[in-house]
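Written below as structure tokens is the structure these notes are about.
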Amino acid sequence: MEIQVLADAATVAQEGARVIAEEARAAVAARGRFSMAVSGGRTPWQMLCALAREEIPWNSVYVAQVDERVAPAGHPDRNLTHLRESLLEHAPLRPEQICAMPVESSDLEAGAARYAILLQEIAGSPPVLDLVHLGLGPDGHTASLMPGDPVLDVTEADVALTRPYQQRQRMTLTYPMLNRARRILWLVTGGEKAGMLVRLRDGDVMIPAGRVRQEHALLLADRAAAARL
């Protein structure tokens with residue numbers, strides 16, 4: 001895994017946007033489309049705002065979600081709400097280019113299965129995303145793969161449901177899906193992540209983030225998060 005330490009969260013966001021734009025242009029040139037999945041968080045929303053201003057062949061871009069909280073449409077807890085505000089309202093993307101997790105479904109298990117099929121439609125069978133953006137929690141979680149959750153052991157599905165965490169059940173991509181991605185882009189900012197960032201760098205499989213493959217991974221960190229490296 002390549003690690004780059006940058007001055008602050010704003011610089012991390014800007015560099016993340018530049019990296020995604022570069023990957024998008026290369027993927028479209030090589031394969032005719034670019035598929036990515038994005039996570040939530042303050043720095044990622046800044047990154048997506050910057051991405052909307054990049055020169056990208058947007059007609060060939062597909063945007064999926066890494067994870068989503070089970071909450072009503074438009075709720076501030078929803079990653080999709082912030083994804084729309086930061087990227088979708090500013091980039092020339094058609095509705096069919098956005099792959100939103102169906103967490104409003106009355107049958108969430110069926111919704112997860114439908115989402116897995118949607119990923120096959122945009123990224124092949126089995127689906128291989130061109131880029132997955134991930135964050136790192138102070139407890140070592142990534143996506144909605146939380147410590148101790150049975151979802152950590154899912155190997156036969158690309159999309160699964162979690163137990164409630166912070167009062168919300170979630171839908172998330174699983175390790176099989178994440179580990180097939182052509183590129184992993186980590187954004188890690190804030191001093192509260194410093195200890196876990198060391199464990200992630202060392203490939204500590206006792207934390208959920210440590211079980212994501214490090215080949216073809218780029219980690220952008222601010223100085224606060226990288227303080228113990």
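Identifiers for the structure tokens are assigned positionally: chains receive A, B, ... in sequence, residues are indexed from 1 per chain, and ligands are indexed from 1 in the order shown.
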
For this session: Please identify which residues in range 29-197 of chain A DSSP calls alpha helix (DSSP H) from the backbone, and express them as number ranges by chain.
Result: A: 29-31, 42-51, 79-83, 108-123, 175-178, 194-197

For this session: Once DSSP has gone over the backbone, tell me which residues of range 14-112 of chain A are in strand (DSSP E or B), as a PyMOL selection string.
Result: chain A and resi 34-38+61-65+67-69+98-99

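Going from CA of Gly190 in chain A to CA of Ala221 in chain A covers 8.5 Å.
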
Give me the range 170-206 of chain A side of the contact with range 112-125 of chain A, cut-off 9 Å, one line per residue showing its nearest atom pair and distance in Å at one decimal, counting only C-alpha atoms, sorted by chain and residue number, as a Markdown table.
| residue | atom | partner | partner_atom | distance |
| --- | --- | --- | --- | --- |
| A:Met171 | CA | A:Ala112 | CA | 7.1 |
| A:Thr172 | CA | A:Ala112 | CA | 8.5 |
| A:Leu173 | CA | A:Ala116 | CA | 8.9 |

Dump as a short mmCIF file (atom, residue, chain, number, x, y, z; two decimals), in the first residue's frame, selection limited to N, CA and C atoms:
data_model
loop_
_atom_site.label_atom_id
_atom_site.label_comp_id
_atom_site.auth_asym_id
_atom_site.auth_seq_id
_atom_site.Cartn_x
_atom_site.Cartn_y
_atom_site.Cartn_z
N MET A 171 -26.53 -1.27 5.13
CA MET A 171 -26.23 -2.15 4.01
C MET A 171 -24.80 -1.83 3.59
N THR A 172 -24.02 -2.85 3.27
CA THR A 172 -22.62 -2.61 2.99
C THR A 172 -22.07 -3.57 1.94
N LEU A 173 -21.08 -3.12 1.21
CA LEU A 173 -20.29 -4.04 0.40
C LEU A 173 -19.46 -4.90 1.34
#

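With distances restricted to only C-alpha atoms, A:Gln169 is the closest residue to Ala71 in chain A from A:Ser106, A:Gln169, A:Asn59, A:Thr11.
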
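Atom pair CA of His216 in chain A / CA of Arg199 in chain A has a distance of 18.1 Å (rounded to one decimal).
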
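Residues in contact with Ala143 in chain A at up to 10 Å, not including ones fewer than 2 positions away on its chain and judged by only C-alpha atoms, are Val38, Ser39, Gly40, Gln65, Val66, Asp67, Glu68, His133, Leu134, Gly135, Leu136, Gly137, His141, Leu145, Met146, Arg170, Met171, Thr172, Leu173, Thr174, Tyr175, Leu178, Pro208 and Ala209 of chain A.
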
Using the selection just defined, write its residues with N, CA, C and O atoms as a compact mmCIF listing (two decimals), in the first residue's frame.
# COMPACT_ATOMS: atom_id res chain seq x y z
N VAL A 38 -18.30 4.88 -3.40
CA VAL A 38 -17.81 5.89 -2.46
C VAL A 38 -18.43 5.68 -1.08
O VAL A 38 -19.56 5.23 -0.95
N SER A 39 -17.64 6.03 -0.07
CA SER A 39 -18.07 5.98 1.31
C SER A 39 -18.48 7.39 1.76
O SER A 39 -18.32 8.36 1.03
N GLY A 40 -18.98 7.49 2.99
CA GLY A 40 -19.38 8.78 3.53
C GLY A 40 -18.28 9.42 4.36
O GLY A 40 -17.19 8.88 4.53
N GLN A 65 -22.53 2.99 -4.08
CA GLN A 65 -22.29 3.27 -2.67
C GLN A 65 -21.55 2.11 -2.02
O GLN A 65 -21.87 0.95 -2.26
N VAL A 66 -20.61 2.44 -1.16
CA VAL A 66 -19.93 1.42 -0.37
C VAL A 66 -20.85 0.92 0.74
O VAL A 66 -20.92 -0.28 1.03
N ASP A 67 -21.57 1.85 1.36
CA ASP A 67 -22.48 1.47 2.45
C ASP A 67 -23.52 2.56 2.62
O ASP A 67 -23.38 3.67 2.11
N GLU A 68 -24.58 2.21 3.36
CA GLU A 68 -25.66 3.16 3.58
C GLU A 68 -26.42 2.79 4.85
O GLU A 68 -26.62 1.60 5.15
N HIS A 133 -13.54 3.89 -2.79
CA HIS A 133 -13.03 4.81 -1.78
C HIS A 133 -13.48 4.32 -0.41
O HIS A 133 -14.65 4.01 -0.19
N LEU A 134 -12.53 4.26 0.51
CA LEU A 134 -12.80 3.80 1.87
C LEU A 134 -12.28 4.81 2.89
O LEU A 134 -11.33 5.54 2.64
N GLY A 135 -12.92 4.79 4.05
CA GLY A 135 -12.45 5.55 5.20
C GLY A 135 -12.07 4.60 6.32
O GLY A 135 -12.29 3.39 6.23
N LEU A 136 -11.51 5.15 7.37
CA LEU A 136 -11.05 4.37 8.52
C LEU A 136 -11.65 4.97 9.78
O LEU A 136 -11.47 6.15 10.06
N GLY A 137 -12.37 4.13 10.56
CA GLY A 137 -12.93 4.60 11.82
C GLY A 137 -11.94 4.48 12.97
O GLY A 137 -11.00 3.68 12.92
N HIS A 141 -12.98 0.22 11.91
CA HIS A 141 -13.95 -0.23 10.91
C HIS A 141 -13.70 0.49 9.59
O HIS A 141 -13.08 1.57 9.54
N LEU A 145 -18.30 -2.35 7.93
CA LEU A 145 -17.73 -3.59 8.47
C LEU A 145 -17.19 -3.28 9.86
O LEU A 145 -16.06 -2.82 10.02
N MET A 146 -18.05 -3.49 10.85
CA MET A 146 -17.75 -3.09 12.22
C MET A 146 -17.14 -4.24 13.03
O MET A 146 -17.47 -5.41 12.78
N ARG A 170 -27.31 -1.11 8.66
CA ARG A 170 -26.70 -0.62 7.44
C ARG A 170 -26.65 -1.71 6.38
O ARG A 170 -26.69 -2.90 6.69
N MET A 171 -26.53 -1.27 5.13
CA MET A 171 -26.23 -2.15 4.01
C MET A 171 -24.80 -1.83 3.59
O MET A 171 -24.40 -0.66 3.55
N THR A 172 -24.02 -2.85 3.27
CA THR A 172 -22.62 -2.61 2.99
C THR A 172 -22.07 -3.57 1.94
O THR A 172 -22.57 -4.70 1.80
N LEU A 173 -21.08 -3.12 1.21
CA LEU A 173 -20.29 -4.04 0.40
C LEU A 173 -19.46 -4.90 1.34
O LEU A 173 -19.06 -4.46 2.42
N THR A 174 -19.22 -6.13 0.96
CA THR A 174 -18.48 -7.08 1.78
C THR A 174 -17.05 -7.21 1.28
O THR A 174 -16.68 -6.68 0.23
N TYR A 175 -16.23 -7.98 2.03
CA TYR A 175 -14.84 -8.16 1.63
C TYR A 175 -14.68 -8.73 0.22
O TYR A 175 -13.80 -8.26 -0.52
N LEU A 178 -15.04 -5.74 -2.07
CA LEU A 178 -13.97 -4.76 -1.90
C LEU A 178 -12.65 -5.28 -2.44
O LEU A 178 -11.89 -4.55 -3.09
N PRO A 208 -11.20 -4.59 11.24
CA PRO A 208 -11.87 -4.82 9.96
C PRO A 208 -11.12 -4.22 8.77
O PRO A 208 -11.01 -4.86 7.71
N ALA A 209 -10.61 -3.02 8.91
CA ALA A 209 -9.91 -2.37 7.79
C ALA A 209 -8.69 -3.15 7.35
O ALA A 209 -8.30 -3.12 6.18

Exercise. So which one's closest to Asn179 in chain A, A:Glu215, A:Asp153, A:Glu22, A:Glu192? Using only C-alpha atoms, please.
Worked result: A:Glu215

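Nearest to Arg201 in chain A of all the residues A:Arg25, A:Arg18, A:Arg213, A:Arg163 is A:Arg213, based on only C-alpha atoms.
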
For this session: Please indicate the distance in Å from CA of Arg31 in chain A to CA of Pro127 in chain A, rounded to one decimal place.
Result: 14.0 Å

Exercise. Pick from A:Asp107, A:Asp204, A:Glu2, A:Asp130: nearest to Ala24 in chain A, with only C-alpha atoms counted?
Worked result: A:Asp130

For this session: Extract, using only C-alpha atoms, all DNA, RNA and protein residues at most 9 Å from Ala50 in chain A, discarding same-chain residues fewer than 3 positions from it, and format them as JSON, numbers by chain.
Result: {"A": [13, 14, 16, 17, 18, 45, 46, 47, 53, 54, 86, 87]}

Just all heavy atoms for this one: save the residues we selected as a compact mmCIF listing (two decimals), in the first residue's frame.
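Produced file out-v1.txt, reproduced below:
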# COMPACT_ATOMS: atom_id res chain seq x y z
N ALA A 13 -8.56 15.95 0.44
CA ALA A 13 -9.76 15.92 -0.40
C ALA A 13 -9.42 16.30 -1.84
O ALA A 13 -9.88 15.66 -2.79
CB ALA A 13 -10.82 16.86 0.17
N GLN A 14 -8.62 17.33 -2.00
CA GLN A 14 -8.26 17.79 -3.34
C GLN A 14 -7.45 16.74 -4.08
O GLN A 14 -7.68 16.47 -5.27
CB GLN A 14 -7.48 19.09 -3.26
CG GLN A 14 -7.29 19.79 -4.59
CD GLN A 14 -8.59 20.26 -5.19
OE1 GLN A 14 -9.42 20.88 -4.52
NE2 GLN A 14 -8.80 19.97 -6.47
N GLY A 16 -7.45 13.51 -3.48
CA GLY A 16 -8.34 12.39 -3.75
C GLY A 16 -9.15 12.60 -5.01
O GLY A 16 -9.30 11.69 -5.84
N ALA A 17 -9.64 13.82 -5.21
CA ALA A 17 -10.39 14.14 -6.43
C ALA A 17 -9.50 14.01 -7.65
O ALA A 17 -9.93 13.48 -8.69
CB ALA A 17 -10.96 15.55 -6.33
N ARG A 18 -8.26 14.47 -7.55
CA ARG A 18 -7.34 14.38 -8.69
C ARG A 18 -7.06 12.93 -9.04
O ARG A 18 -7.05 12.55 -10.23
CB ARG A 18 -6.03 15.10 -8.36
CG ARG A 18 -5.08 15.24 -9.54
CD ARG A 18 -3.67 15.53 -9.11
NE ARG A 18 -3.08 14.40 -8.38
CZ ARG A 18 -2.60 13.31 -8.97
NH1 ARG A 18 -2.66 13.16 -10.29
NH2 ARG A 18 -2.08 12.34 -8.22
N TRP A 45 -16.89 14.14 1.32
CA TRP A 45 -17.83 15.05 0.66
C TRP A 45 -17.08 16.22 0.03
O TRP A 45 -17.42 16.68 -1.06
CB TRP A 45 -18.89 15.55 1.64
CG TRP A 45 -19.68 14.49 2.33
CD1 TRP A 45 -20.10 14.52 3.63
CD2 TRP A 45 -20.15 13.25 1.80
NE1 TRP A 45 -20.79 13.37 3.92
CE2 TRP A 45 -20.84 12.57 2.83
CE3 TRP A 45 -20.05 12.62 0.55
CZ2 TRP A 45 -21.43 11.32 2.65
CZ3 TRP A 45 -20.62 11.36 0.38
CH2 TRP A 45 -21.30 10.74 1.41
N GLN A 46 -16.03 16.71 0.72
CA GLN A 46 -15.20 17.76 0.14
C GLN A 46 -14.51 17.25 -1.13
O GLN A 46 -14.41 17.97 -2.14
CB GLN A 46 -14.15 18.22 1.15
CG GLN A 46 -14.71 18.92 2.37
CD GLN A 46 -13.64 19.24 3.40
OE1 GLN A 46 -12.49 18.85 3.26
NE2 GLN A 46 -14.02 19.98 4.43
N MET A 47 -14.05 16.01 -1.09
CA MET A 47 -13.41 15.40 -2.26
C MET A 47 -14.37 15.33 -3.43
O MET A 47 -14.01 15.64 -4.58
CB MET A 47 -12.91 14.00 -1.91
CG MET A 47 -12.31 13.24 -3.08
SD MET A 47 -11.83 11.55 -2.63
CE MET A 47 -13.44 10.77 -2.46
N ARG A 53 -15.73 19.22 -10.30
CA ARG A 53 -15.11 20.27 -11.12
C ARG A 53 -14.01 19.73 -12.04
O ARG A 53 -13.44 20.49 -12.83
CB ARG A 53 -14.53 21.36 -10.21
CG ARG A 53 -15.57 22.05 -9.33
CD ARG A 53 -14.98 23.25 -8.62
NE ARG A 53 -14.00 22.89 -7.62
CZ ARG A 53 -14.27 22.66 -6.34
NH1 ARG A 53 -15.52 22.73 -5.91
NH2 ARG A 53 -13.32 22.34 -5.49
N GLU A 54 -13.72 18.43 -11.94
CA GLU A 54 -12.65 17.84 -12.74
C GLU A 54 -13.14 17.54 -14.16
O GLU A 54 -14.33 17.33 -14.39
CB GLU A 54 -12.15 16.54 -12.09
CG GLU A 54 -11.40 16.76 -10.78
CD GLU A 54 -9.96 17.16 -10.99
OE1 GLU A 54 -9.46 17.06 -12.13
OE2 GLU A 54 -9.31 17.56 -10.01
N SER A 86 -23.04 16.90 -2.76
CA SER A 86 -21.64 17.18 -3.07
C SER A 86 -21.27 16.88 -4.52
O SER A 86 -20.47 17.59 -5.12
CB SER A 86 -20.72 16.40 -2.13
OG SER A 86 -20.98 15.01 -2.21
N LEU A 87 -21.84 15.84 -5.11
CA LEU A 87 -21.44 15.44 -6.45
C LEU A 87 -22.60 15.44 -7.45
O LEU A 87 -22.50 16.04 -8.52
CB LEU A 87 -20.81 14.04 -6.41
CG LEU A 87 -20.39 13.44 -7.76
CD1 LEU A 87 -19.28 14.27 -8.39
CD2 LEU A 87 -19.96 11.99 -7.60

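Checking A:Pro102, A:Pro95, A:Pro126, A:Pro44 one by one against Pro72 in chain A, counting only C-alpha atoms, you find the shortest gap at A:Pro102.
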
Seminar exercise, completed: Residue with the minimum atom-to-atom distance to Ala110 in chain A, picked from A:Leu152, A:Leu129, A:Cys49, A:Val159 with only C-alpha atoms counted, is A:Val159

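Residues within 7 Å of range 205-207 of chain A, counting only C-alpha atoms and excluding same-chain residues fewer than 3 positions away, are Gly140, His141, Pro147, Gly210 and Arg211 of chain A.
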
How about saving the chosen residues, N, CA, C and O atoms kept, as a PDB file, in the first residue's frame?
ATOM      1  N   GLY A 140     -11.309   1.065  13.943  1.00  0.00           N
ATOM      2  CA  GLY A 140     -10.759   0.169  12.932  1.00  0.00           C
ATOM      3  C   GLY A 140     -11.746  -0.294  11.887  1.00  0.00           C
ATOM      4  O   GLY A 140     -11.391  -1.100  11.029  1.00  0.00           O
ATOM      5  N   HIS A 141     -12.975   0.220  11.912  1.00  0.00           N
ATOM      6  CA  HIS A 141     -13.947  -0.226  10.907  1.00  0.00           C
ATOM      7  C   HIS A 141     -13.700   0.492   9.587  1.00  0.00           C
ATOM      8  O   HIS A 141     -13.079   1.566   9.535  1.00  0.00           O
ATOM      9  N   PRO A 147     -16.289  -3.945  13.995  1.00  0.00           N
ATOM     10  CA  PRO A 147     -15.723  -5.005  14.827  1.00  0.00           C
ATOM     11  C   PRO A 147     -16.816  -5.862  15.459  1.00  0.00           C
ATOM     12  O   PRO A 147     -17.792  -5.347  16.002  1.00  0.00           O
ATOM     13  N   GLY A 210      -8.069  -3.863   8.279  1.00  0.00           N
ATOM     14  CA  GLY A 210      -6.856  -4.607   7.974  1.00  0.00           C
ATOM     15  C   GLY A 210      -7.074  -5.823   7.104  1.00  0.00           C
ATOM     16  O   GLY A 210      -6.103  -6.429   6.627  1.00  0.00           O
ATOM     17  N   ARG A 211      -8.332  -6.169   6.856  1.00  0.00           N
ATOM     18  CA  ARG A 211      -8.637  -7.324   6.011  1.00  0.00           C
ATOM     19  C   ARG A 211      -8.915  -6.943   4.563  1.00  0.00           C
ATOM     20  O   ARG A 211      -9.219  -7.797   3.742  1.00  0.00           O
TER      21      ARG A 211
END
